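Have a look at the structure below, then the notes.
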Amino acid sequence: MALTRLRWGPAASLLSGGRCRALSRAPGPFQPARVAVLSKTTRFEFERERSRLEGERERELEERLATKGSSYSGLLDRHHIHITNVQHVVDTLRKEGIEVRLVKRRDYTEETVQWADAIISAGGDGTMLLSASKVFGRIKPVIGVNTDPERSQGHLCLPVRYTQCFAEALQKLHRGEFRWQWRQRIRICLEGAGIKTHPVDLHEQQLSLQQHIIAHRSAAQPAPGSPMNCEPRLLPVRALNEVFVGESLSSRSYNINRLACQEVEDLLSIAKQKSNVDLTINRELVEQVTDHYNQSLIFCPEEPKIFFSIREPIVNRVFTSSQHRGFTSKMCVRSRCWDACMVVDGGTSFEFNDGAIATLTVDEEDALCTVVLED
């Protein structure tokens with residue numbers, strides 16, 4: 001089950017927002033003294049580090065990438081584009097007299113967040129989610145800059161035109177020519193027999209299911225003689241995009257709630273056949289219906305509600321399921337799984353096995369402060 005804000009997950013999905021027209025006017029200019037810039041780990045950096053740990057030579061890395069259909073030189077080129085755009089952001093900030101701390105994922109700590117007046121995410125949507133994961137409260141702004149627009153969607157980032165002209169964006173922010181937007185987030189409270197709140201960090205890792213299970217077991221090893229924990233515990237994370245619950249790592253899928261044109265065309269064809277309705281099914285109709293349905297999943301990120309979706313409901317003579325998706329303000333999920341996980345925004349995983357109960361809500365205190373800058 002997945003509980004998301006922008007997509008879904010065998011299981012259920014809670015969505016908490018996409019677009020909004022009614023946004024709050026900025027109360028004043030954006031003038032931070034200290035900014036932390038979180039730079040993503042590029043695919044090139046990831047592959048090279050893994051190659052180093054495995055003792056591969058550079059040539060062996062090139063050959064291994066080629067067997068997977070990836071180009072060493074291509075990944076290096078994308079890496080250089082990212083690095084150039086990150087440096088542009090850092091240089092622009094420093095020219096304005098702003099103190100900058102450039103960090104990677106491993107160095108992005110609560111101390112860094114407390115030090116900074118604002119956080120700039122330099123990467124794509126995944127980096128933006130990681131940036132938001134350690135920011136609590138409604139005061140500290142988090143701004144995303146898409147450092148590789150040709151390869152990254154960057155829905156949560158500034159418009160792509162500001163990637164290479166960040167100075168223009170910064171001047172608009174200084175002058176107050178933007179709108180504040182507080183994106184609602186999902187908070188999670190765990191309770192039940194033997195709950196374990198030790199997280200496994202999935203950001204920028206490629207774990208198999210077995211590695212994921214082993215990581216959870218080693219992280220959640222209780223001390224000898226320690227009592228079983230049954231008291232409700234508020235998890236130290238907030239979900240900006242989604243919460244996935246399931247017995248695999250399929251939480252990393254993208255836009256899993258959306259329908260494709262082929263699915264819609266098949267359903268329309270069945271409906272036409274069964275109802276004997278004279279309906280002309282052409283590409284235009286299929287695209288209109290598909291787009292209308294997918295747009296219905298998008299709602300204002302400032303609204304205090306959650307979208308849920310049960311992707312693979314169990315329906316037989318014992319179990320029934322009446323509502324597979326919809327909107328809610330609160331949801332409780334009881335686990336009847338083995339080797340299951342609850343993954344927050346695709347990056348932080350918590351064990352969620354038989355007996356555990358998760359309560360998911362939206363609280364105004366958890367809203368993330370972001371900005372909307374017109375293109």
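A note on labels: chains of the structure tokens are A, B, ... as shown, every chain counts residues from 1, and ligands are counted from 1 in their shown order.
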Write out as an NGL selection string which residues come within 8 Å of Leu202 in chain A when counting only C-alpha atoms, dropping same-chain ones fewer than 6 positions away.
-> :A and (346-349)
Tell me which protein, DNA and RNA residues are within 8 Å of range 155-164 of chain A, counting only C-alpha atoms, leaving out same-chain ones fewer than 4 positions away, and put them as a ChimeraX atom specification.
-> /A:85,88,124-125,128,143-147,149,168-169,372-375
Which polymer residues have any atom within 12 Å of an atom of range 364-369 of chain A, counting only C-alpha atoms, with same-chain residues fewer than 3 positions away left out, as a compact mmCIF listing (two decimals) with all heavy atoms, in the first residue's frame?
# COMPACT_ATOMS: atom_id res chain seq x y z
N SER A 16 -0.65 14.07 -1.71
CA SER A 16 -1.00 15.29 -1.01
C SER A 16 -0.81 16.55 -1.82
O SER A 16 -0.64 17.60 -1.26
CB SER A 16 -0.19 15.39 0.28
OG SER A 16 1.16 15.49 -0.01
N GLY A 17 -0.85 16.49 -3.09
CA GLY A 17 -0.94 17.76 -3.79
C GLY A 17 -0.16 17.84 -5.08
O GLY A 17 0.85 17.23 -5.24
N SER A 24 -0.54 32.14 -1.34
CA SER A 24 -0.35 33.29 -0.46
C SER A 24 0.66 34.26 -1.07
O SER A 24 1.67 33.85 -1.63
CB SER A 24 0.16 32.81 0.90
OG SER A 24 -0.70 31.86 1.44
N ALA A 26 3.72 36.83 -1.03
CA ALA A 26 4.93 36.82 -0.22
C ALA A 26 4.87 37.92 0.83
O ALA A 26 4.57 39.06 0.51
CB ALA A 26 6.14 37.03 -1.12
N ASP A 117 19.73 29.52 6.82
CA ASP A 117 18.47 30.28 6.80
C ASP A 117 17.54 29.74 5.72
O ASP A 117 16.32 29.96 5.77
CB ASP A 117 18.74 31.76 6.55
CG ASP A 117 19.61 32.39 7.62
OD1 ASP A 117 19.37 32.08 8.81
OD2 ASP A 117 20.51 33.16 7.28
N ALA A 118 18.11 29.09 4.71
CA ALA A 118 17.33 28.52 3.61
C ALA A 118 18.13 27.37 3.01
O ALA A 118 19.35 27.29 3.15
CB ALA A 118 17.04 29.57 2.55
N ILE A 119 17.41 26.45 2.36
CA ILE A 119 18.03 25.30 1.71
C ILE A 119 17.76 25.39 0.21
O ILE A 119 16.63 25.64 -0.21
CB ILE A 119 17.44 23.97 2.23
CG1 ILE A 119 17.45 23.92 3.77
CG2 ILE A 119 18.19 22.78 1.63
CD1 ILE A 119 18.81 23.91 4.38
N ILE A 120 18.80 25.19 -0.59
CA ILE A 120 18.62 25.09 -2.03
C ILE A 120 18.99 23.68 -2.46
O ILE A 120 20.10 23.19 -2.19
CB ILE A 120 19.48 26.13 -2.78
CG1 ILE A 120 18.93 27.53 -2.53
CG2 ILE A 120 19.49 25.83 -4.28
CD1 ILE A 120 19.64 28.62 -3.28
N MET A 128 15.20 17.27 -4.19
CA MET A 128 14.28 18.16 -3.48
C MET A 128 13.60 17.42 -2.32
O MET A 128 13.46 17.96 -1.21
CB MET A 128 13.23 18.70 -4.45
CG MET A 128 12.23 19.66 -3.84
SD MET A 128 12.98 21.22 -3.34
CE MET A 128 11.51 22.13 -2.82
N LEU A 129 13.22 16.19 -2.55
CA LEU A 129 12.59 15.39 -1.48
C LEU A 129 13.59 15.12 -0.36
O LEU A 129 13.23 15.17 0.82
CB LEU A 129 12.06 14.07 -2.04
CG LEU A 129 10.91 14.18 -3.04
CD1 LEU A 129 10.57 12.81 -3.61
CD2 LEU A 129 9.69 14.81 -2.40
N SER A 131 16.13 17.05 0.39
CA SER A 131 16.33 18.33 1.07
C SER A 131 15.23 18.57 2.09
O SER A 131 15.48 19.02 3.21
CB SER A 131 16.34 19.47 0.04
OG SER A 131 17.39 19.33 -0.87
N ALA A 132 13.99 18.28 1.70
CA ALA A 132 12.85 18.54 2.58
C ALA A 132 12.80 17.58 3.76
O ALA A 132 12.21 17.90 4.80
CB ALA A 132 11.56 18.44 1.78
N SER A 133 13.42 16.41 3.64
CA SER A 133 13.26 15.36 4.65
C SER A 133 13.79 15.75 6.02
O SER A 133 13.35 15.22 7.04
CB SER A 133 13.95 14.07 4.18
OG SER A 133 15.36 14.24 4.13
N LYS A 134 14.74 16.67 6.08
CA LYS A 134 15.33 17.06 7.37
C LYS A 134 14.87 18.45 7.82
O LYS A 134 15.40 19.00 8.79
CB LYS A 134 16.85 17.02 7.28
CG LYS A 134 17.41 15.62 7.02
CD LYS A 134 18.92 15.61 7.08
CE LYS A 134 19.49 14.27 6.67
NZ LYS A 134 18.96 13.13 7.44
N VAL A 135 13.92 19.03 7.10
CA VAL A 135 13.41 20.36 7.44
C VAL A 135 12.04 20.21 8.08
O VAL A 135 11.12 19.66 7.48
CB VAL A 135 13.31 21.27 6.19
CG1 VAL A 135 12.72 22.62 6.56
CG2 VAL A 135 14.68 21.44 5.55
N PHE A 136 11.90 20.73 9.30
CA PHE A 136 10.63 20.66 10.01
C PHE A 136 10.14 22.08 10.29
O PHE A 136 10.92 23.01 10.45
CB PHE A 136 10.78 19.89 11.32
CG PHE A 136 11.18 18.45 11.11
CD1 PHE A 136 12.52 18.08 11.14
CD2 PHE A 136 10.23 17.48 10.87
CE1 PHE A 136 12.89 16.77 10.94
CE2 PHE A 136 10.59 16.16 10.66
CZ PHE A 136 11.93 15.80 10.71
N GLY A 137 8.85 22.22 10.37
CA GLY A 137 8.27 23.53 10.63
C GLY A 137 7.96 24.28 9.35
O GLY A 137 8.23 23.83 8.24
N ARG A 138 7.42 25.50 9.51
CA ARG A 138 6.90 26.26 8.39
C ARG A 138 7.75 27.49 8.04
O ARG A 138 7.34 28.31 7.22
CB ARG A 138 5.50 26.75 8.73
CG ARG A 138 4.49 25.66 9.03
CD ARG A 138 3.22 26.25 9.61
NE ARG A 138 2.69 27.31 8.77
CZ ARG A 138 1.83 27.12 7.78
NH1 ARG A 138 1.42 25.89 7.49
NH2 ARG A 138 1.38 28.13 7.07
N ILE A 139 8.92 27.64 8.63
CA ILE A 139 9.67 28.88 8.49
C ILE A 139 10.80 28.79 7.47
O ILE A 139 11.01 29.71 6.69
CB ILE A 139 10.23 29.33 9.85
CG1 ILE A 139 9.09 29.57 10.84
CG2 ILE A 139 11.08 30.58 9.71
CD1 ILE A 139 9.55 29.89 12.24
N LYS A 140 11.55 27.70 7.46
CA LYS A 140 12.76 27.62 6.63
C LYS A 140 12.42 27.25 5.19
O LYS A 140 11.94 26.14 4.92
CB LYS A 140 13.72 26.60 7.22
CG LYS A 140 15.09 26.61 6.59
CD LYS A 140 16.10 25.98 7.54
CE LYS A 140 16.20 26.77 8.83
NZ LYS A 140 17.23 26.28 9.74
N PRO A 141 12.69 28.14 4.21
CA PRO A 141 12.35 27.85 2.82
C PRO A 141 13.27 26.79 2.20
O PRO A 141 14.46 26.73 2.51
CB PRO A 141 12.54 29.19 2.10
CG PRO A 141 12.64 30.21 3.20
CD PRO A 141 13.19 29.50 4.38
N VAL A 142 12.68 25.98 1.34
CA VAL A 142 13.43 25.01 0.55
C VAL A 142 13.13 25.29 -0.92
O VAL A 142 11.96 25.29 -1.32
CB VAL A 142 13.05 23.56 0.90
CG1 VAL A 142 13.85 22.58 0.04
CG2 VAL A 142 13.28 23.28 2.38
N ILE A 143 14.17 25.55 -1.71
CA ILE A 143 14.01 25.93 -3.11
C ILE A 143 14.77 24.93 -3.98
O ILE A 143 15.94 24.63 -3.70
CB ILE A 143 14.54 27.35 -3.36
CG1 ILE A 143 13.77 28.35 -2.49
CG2 ILE A 143 14.43 27.72 -4.84
CD1 ILE A 143 14.34 29.75 -2.54
N GLY A 144 14.13 24.43 -5.02
CA GLY A 144 14.77 23.46 -5.90
C GLY A 144 15.25 24.08 -7.19
O GLY A 144 14.53 24.85 -7.83
N LEU A 156 9.14 19.89 -8.82
CA LEU A 156 9.18 20.62 -7.56
C LEU A 156 10.22 21.75 -7.58
O LEU A 156 10.39 22.43 -6.58
CB LEU A 156 9.49 19.66 -6.41
CG LEU A 156 8.49 18.53 -6.19
CD1 LEU A 156 9.01 17.56 -5.13
CD2 LEU A 156 7.13 19.06 -5.79
N ARG A 179 5.75 34.15 -4.88
CA ARG A 179 4.68 33.80 -3.94
C ARG A 179 5.16 32.65 -3.04
O ARG A 179 5.82 31.74 -3.50
CB ARG A 179 3.42 33.38 -4.69
CG ARG A 179 2.75 34.50 -5.45
CD ARG A 179 1.57 34.01 -6.26
NE ARG A 179 2.02 33.21 -7.40
CZ ARG A 179 1.18 32.57 -8.21
NH1 ARG A 179 -0.13 32.61 -7.99
NH2 ARG A 179 1.64 31.87 -9.23
N TRP A 180 4.83 32.79 -1.77
CA TRP A 180 5.11 31.69 -0.85
C TRP A 180 4.10 30.57 -1.09
O TRP A 180 2.93 30.83 -1.38
CB TRP A 180 4.99 32.13 0.60
CG TRP A 180 6.02 33.12 1.06
CD1 TRP A 180 5.82 34.43 1.38
CD2 TRP A 180 7.42 32.87 1.27
NE1 TRP A 180 6.99 35.02 1.78
CE2 TRP A 180 7.99 34.09 1.72
CE3 TRP A 180 8.24 31.76 1.12
CZ2 TRP A 180 9.34 34.21 2.01
CZ3 TRP A 180 9.59 31.88 1.41
CH2 TRP A 180 10.13 33.09 1.86
N GLN A 181 4.57 29.36 -0.96
CA GLN A 181 3.66 28.21 -1.02
C GLN A 181 4.06 27.22 0.07
O GLN A 181 5.21 26.79 0.13
CB GLN A 181 3.72 27.52 -2.39
CG GLN A 181 2.73 26.37 -2.51
CD GLN A 181 2.72 25.78 -3.90
OE1 GLN A 181 3.68 25.17 -4.33
NE2 GLN A 181 1.64 25.99 -4.64
N TRP A 182 3.10 26.90 0.93
CA TRP A 182 3.36 25.93 2.00
C TRP A 182 2.78 24.59 1.57
O TRP A 182 1.57 24.38 1.60
CB TRP A 182 2.76 26.41 3.31
CG TRP A 182 3.61 27.43 3.98
CD1 TRP A 182 4.61 27.21 4.88
CD2 TRP A 182 3.57 28.86 3.79
NE1 TRP A 182 5.19 28.40 5.27
CE2 TRP A 182 4.57 29.43 4.62
CE3 TRP A 182 2.78 29.72 3.02
CZ2 TRP A 182 4.79 30.80 4.68
CZ3 TRP A 182 3.01 31.08 3.07
CH2 TRP A 182 4.01 31.62 3.90
N ARG A 183 3.66 23.70 1.19
CA ARG A 183 3.24 22.37 0.74
C ARG A 183 2.96 21.47 1.93
O ARG A 183 3.84 21.25 2.77
CB ARG A 183 4.33 21.74 -0.14
CG ARG A 183 4.48 22.41 -1.50
CD ARG A 183 5.55 21.70 -2.32
NE ARG A 183 5.58 22.20 -3.69
CZ ARG A 183 4.85 21.72 -4.69
NH1 ARG A 183 4.03 20.70 -4.46
NH2 ARG A 183 4.92 22.24 -5.90
N GLN A 184 1.74 20.97 1.99
CA GLN A 184 1.36 20.09 3.09
C GLN A 184 2.11 18.77 3.00
O GLN A 184 2.42 18.28 1.91
CB GLN A 184 -0.14 19.83 3.08
CG GLN A 184 -0.98 21.08 3.26
CD GLN A 184 -0.76 21.74 4.61
OE1 GLN A 184 -0.48 21.06 5.60
NE2 GLN A 184 -0.88 23.06 4.66
N ARG A 185 2.41 18.19 4.16
CA ARG A 185 3.12 16.92 4.21
C ARG A 185 2.39 15.94 5.12
O ARG A 185 1.56 16.32 5.94
CB ARG A 185 4.55 17.13 4.71
CG ARG A 185 5.38 17.98 3.76
CD ARG A 185 6.84 18.00 4.13
NE ARG A 185 7.11 18.82 5.31
CZ ARG A 185 8.32 19.01 5.82
NH1 ARG A 185 9.37 18.43 5.27
NH2 ARG A 185 8.50 19.78 6.87
N ILE A 186 2.72 14.68 4.95
CA ILE A 186 2.10 13.60 5.72
C ILE A 186 2.99 13.24 6.91
O ILE A 186 4.18 13.01 6.74
CB ILE A 186 1.86 12.35 4.86
CG1 ILE A 186 0.98 12.69 3.65
CG2 ILE A 186 1.23 11.23 5.68
CD1 ILE A 186 0.88 11.56 2.64
N ARG A 187 2.40 13.20 8.10
CA ARG A 187 3.13 12.71 9.27
C ARG A 187 2.66 11.30 9.59
O ARG A 187 1.50 10.94 9.36
CB ARG A 187 2.98 13.63 10.48
CG ARG A 187 1.58 13.78 11.02
CD ARG A 187 1.58 14.40 12.42
NE ARG A 187 2.37 15.63 12.50
CZ ARG A 187 2.63 16.24 13.65
NH1 ARG A 187 2.16 15.73 14.81
NH2 ARG A 187 3.33 17.36 13.67
N ILE A 188 3.57 10.49 10.14
CA ILE A 188 3.29 9.07 10.36
C ILE A 188 3.54 8.71 11.81
O ILE A 188 4.61 9.01 12.35
CB ILE A 188 4.18 8.19 9.47
CG1 ILE A 188 4.09 8.65 8.01
CG2 ILE A 188 3.79 6.72 9.60
CD1 ILE A 188 5.29 8.27 7.20
N PRO A 236 10.42 10.44 12.75
CA PRO A 236 11.15 11.70 12.56
C PRO A 236 11.30 12.07 11.09
O PRO A 236 12.34 12.55 10.66
CB PRO A 236 12.51 11.39 13.20
CG PRO A 236 12.70 9.94 12.93
CD PRO A 236 11.34 9.31 13.05
N VAL A 237 10.28 11.84 10.30
CA VAL A 237 10.28 12.23 8.89
C VAL A 237 8.88 12.73 8.54
O VAL A 237 7.90 12.40 9.22
CB VAL A 237 10.64 11.05 7.95
CG1 VAL A 237 12.07 10.62 8.13
CG2 VAL A 237 9.69 9.87 8.18
N ARG A 238 8.80 13.53 7.49
CA ARG A 238 7.51 13.97 6.95
C ARG A 238 7.53 13.69 5.46
O ARG A 238 8.53 13.94 4.79
CB ARG A 238 7.27 15.46 7.21
CG ARG A 238 7.35 15.86 8.68
CD ARG A 238 6.21 15.30 9.50
NE ARG A 238 6.28 15.75 10.88
CZ ARG A 238 6.91 15.11 11.85
NH1 ARG A 238 7.54 13.97 11.58
NH2 ARG A 238 6.93 15.57 13.08
N ALA A 239 6.43 13.18 4.93
CA ALA A 239 6.37 12.82 3.51
C ALA A 239 5.82 13.98 2.70
O ALA A 239 4.68 14.39 2.87
CB ALA A 239 5.49 11.59 3.33
N LEU A 240 6.64 14.49 1.81
CA LEU A 240 6.21 15.56 0.91
C LEU A 240 5.48 14.98 -0.29
O LEU A 240 4.53 15.56 -0.80
CB LEU A 240 7.42 16.37 0.45
CG LEU A 240 7.17 17.48 -0.57
CD1 LEU A 240 6.22 18.52 -0.01
CD2 LEU A 240 8.48 18.12 -0.99
N ASN A 241 5.91 13.83 -0.76
CA ASN A 241 5.36 13.24 -1.98
C ASN A 241 4.53 11.98 -1.72
O ASN A 241 3.39 11.90 -2.14
CB ASN A 241 6.49 12.93 -2.96
CG ASN A 241 5.97 12.48 -4.30
OD1 ASN A 241 5.26 13.21 -4.97
ND2 ASN A 241 6.33 11.28 -4.70
N PRO A 301 -1.27 21.65 -3.47
CA PRO A 301 -0.37 21.14 -2.45
C PRO A 301 -0.57 21.78 -1.09
O PRO A 301 -0.04 21.30 -0.10
CB PRO A 301 1.03 21.47 -3.01
CG PRO A 301 0.81 22.57 -3.96
CD PRO A 301 -0.56 22.36 -4.54
N GLU A 302 -1.34 22.86 -1.03
CA GLU A 302 -1.60 23.51 0.25
C GLU A 302 -2.84 22.94 0.94
O GLU A 302 -3.11 23.28 2.09
CB GLU A 302 -1.76 25.02 0.04
CG GLU A 302 -0.48 25.69 -0.41
CD GLU A 302 -0.59 27.19 -0.51
OE1 GLU A 302 -1.62 27.67 -1.04
OE2 GLU A 302 0.33 27.88 -0.05
N GLU A 303 -3.60 22.11 0.25
CA GLU A 303 -4.80 21.53 0.86
C GLU A 303 -4.43 20.43 1.85
O GLU A 303 -3.61 19.57 1.54
CB GLU A 303 -5.72 20.95 -0.22
CG GLU A 303 -6.39 21.98 -1.09
CD GLU A 303 -7.39 21.35 -2.02
OE1 GLU A 303 -8.34 20.70 -1.52
OE2 GLU A 303 -7.23 21.48 -3.25
N PRO A 304 -5.03 20.44 3.04
CA PRO A 304 -4.71 19.43 4.07
C PRO A 304 -5.45 18.13 3.84
O PRO A 304 -6.31 17.72 4.61
CB PRO A 304 -5.16 20.12 5.36
CG PRO A 304 -6.31 20.97 4.93
CD PRO A 304 -5.97 21.47 3.55
N LYS A 305 -5.14 17.46 2.73
CA LYS A 305 -5.78 16.18 2.46
C LYS A 305 -4.80 15.24 1.80
O LYS A 305 -3.72 15.63 1.35
CB LYS A 305 -7.02 16.37 1.59
CG LYS A 305 -6.76 16.91 0.19
CD LYS A 305 -8.07 17.07 -0.57
CE LYS A 305 -7.85 17.58 -1.99
NZ LYS A 305 -9.13 17.75 -2.71
N SER A 329 -8.52 12.70 5.09
CA SER A 329 -7.67 13.55 5.93
C SER A 329 -6.89 12.71 6.94
O SER A 329 -5.96 13.21 7.57
CB SER A 329 -8.52 14.59 6.67
OG SER A 329 -9.49 13.95 7.49
N THR A 361 -1.61 11.33 8.87
CA THR A 361 -2.41 12.54 8.94
C THR A 361 -1.65 13.70 8.31
O THR A 361 -0.46 13.59 8.02
CB THR A 361 -2.75 12.91 10.40
OG1 THR A 361 -1.52 13.04 11.14
CG2 THR A 361 -3.63 11.86 11.06
N VAL A 372 7.04 30.06 -5.24
CA VAL A 372 6.56 29.92 -6.61
C VAL A 372 7.07 31.14 -7.38
O VAL A 372 6.71 32.28 -7.06
CB VAL A 372 5.03 29.85 -6.67
CG1 VAL A 372 4.56 29.82 -8.12
CG2 VAL A 372 4.52 28.61 -5.93
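Across the structure, CA of Thr92 in chain A and CA of Ser121 in chain A are spaced 14.6 Å apart.
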Please provide the set of residues having any atom within 6 Å of His174 in chain A, restricted to only C-alpha atoms, with same-chain residues fewer than 4 positions apart removed, written as an MDAnalysis selection string.
-> chainID A and resid 29:31
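Rounded to one decimal, CA of Glu99 in chain A and CA of Ala36 in chain A lie 8.5 Å from each other.
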